[in-house]
Amino acid sequence: MAKPGYGKRSAPGQQACNHDDFALLPTRERYVAGFVDHLPDGAEMSVKQLAKQLPLYGQQAVSTSLKALSVAGHLRRVRCSVGAGDETRWVFRTFWSRTARDNEWWNTYLATETATQTAAPAQDTAPPPPWVPAEEPPPPARPENPPSAEQDSAPTAVPQQRTPPQARDAEPAQPTQAPTPEPAPPTREAAPSSAYLALARLGRNDHRLALSADDCTTLEPLATQWLDRGVTTDYLTNALTAGLPTQVDSPIGLLRRRLIDKLPPQLPATTPNTPTDTPTPTRRLLVECTDCGRPGQPEALPDGLCRPCHQTHTTGSNTTTPDATQIAAVKTHMANLRTLLKPV
């Protein structure tokens, strides 16, 4: 089974398996097609792995056979992007169809496969299971056991006997003490601004720019102006730390000067609309040339081959075989060269 390799994926709508499925193909292509057709889904489809399992042909012959099967409409190789968030990894798949398909069918099928690949992350967010709210109301479990009512009355009576009435009067004071811990200032300190954090990290990245808490508070409005103009914290950090002198006597003075002099320009308000549309992965599946492996859209790869490989395949089939006299002349010439190279 393939790990990230060319795993086999069966295309839908195939005919039933018959003895004459690949009767119109040459002998070598028929042999390779019959072997691939009996492989399970997920089996590795790399040329090297197929050549290991096929005793009659080597890697070059298997690669040529796969290219011929792609032209015949039996397979397409694609690249699929997997992963979530910023981490993206490309894996390779080979879609196989026992029934030969034309380019229009493959383009339509791969377009629908692209749509399902794009919509796949949205389907991962499933609603919570139905048994979660059923477990949340366990309060009725308390009145279910009536014998515990006597046990509940017993422990309540014990503290009433042991605690004096003054302690009972003091008990209501405890709820009043519970809401007393209302530390509003800690919440303010726990959520500093991005500009403040970027300035505070400068000293940890480079000891020459060590700032105190008061210095960060003083420079925070200037750094906020950078972030308000669409600049990231990494850009701000690189702009403040680039080209530092060997010795910095006043870090706050140097940074104040750089924050004022290197303030980035204000971009138009229409620019934020374009980046929100571009990063969306509209295409999560690219077809790959069966011969050279060049990726592209399905429309740009007719018969599963790129333009140069397709042109080479079509023109190469029209080449005439050499004459028998030409072959004999070449053999005679090579024999003469070998005779001249023999030591005297």
# chains A, B, ... in the order shown; residues from 1 in each chain; ligands from 1

call {"tool": "select_by_dssp", "arguments": {"residues": "segment 210-295 of chain A", "states": "alpha helix (DSSP H)", "output": "PyMOL selection string"}}
result
chain A and resi 213-228+233-241+251-261+273-277

call {"tool": "residues_around", "arguments": {"residues": "segment 235-251 of chain A", "least_positions_apart": "4", "cutoff": "12 Å", "atoms": "only C-alpha atoms", "output": "count of residues only"}}
result
42

call {"tool": "residues_around", "arguments": {"residues": "Trp105 of chain A", "least_positions_apart": "2", "cutoff": "12 Å", "atoms": "only C-alpha atoms", "output": "PyMOL selection string"}}
result
chain A and resi 11-13+73-76+97+99-103+107-112+298-299+302-303

call {"tool": "write_last_selection", "arguments": {"atoms": "C-alpha atoms", "output": "short mmCIF file (atom, residue, chain, number, x, y, z; two decimals), in the first residue's frame"}}
result
data_model
loop_
_atom_site.label_atom_id
_atom_site.label_comp_id
_atom_site.auth_asym_id
_atom_site.auth_seq_id
_atom_site.Cartn_x
_atom_site.Cartn_y
_atom_site.Cartn_z
CA ALA A 11 -12.85 6.02 -11.02
CA PRO A 12 -16.62 5.54 -10.82
CA GLY A 13 -18.89 4.12 -13.51
CA GLY A 73 -7.82 7.10 -21.43
CA HIS A 74 -7.35 4.57 -18.64
CA LEU A 75 -5.48 6.63 -16.03
CA ARG A 76 -4.67 10.14 -14.85
CA SER A 97 -10.57 3.45 -15.06
CA THR A 99 -13.25 1.65 -19.18
CA ALA A 100 -11.38 4.02 -21.51
CA ARG A 101 -12.49 7.65 -21.07
CA ASP A 102 -12.01 10.67 -23.28
CA ASN A 103 -10.50 13.99 -22.21
CA ASN A 107 -11.82 16.94 -17.10
CA THR A 108 -15.36 16.83 -15.72
CA TYR A 109 -14.55 14.12 -13.22
CA LEU A 110 -11.38 15.83 -11.96
CA ALA A 111 -13.27 19.12 -11.65
CA THR A 112 -15.84 17.46 -9.38
CA PRO A 298 -6.83 19.14 -16.61
CA GLU A 299 -7.58 21.26 -19.68
CA PRO A 302 -4.79 16.39 -23.00
CA ASP A 303 -4.42 12.61 -22.75
#

call {"tool": "closest_residue", "arguments": {"among": "A:Thr217, A:Thr290, A:Gly253, A:Leu340", "to": "Ser193 of chain A", "atoms": "only C-alpha atoms"}}
result
A:Thr217
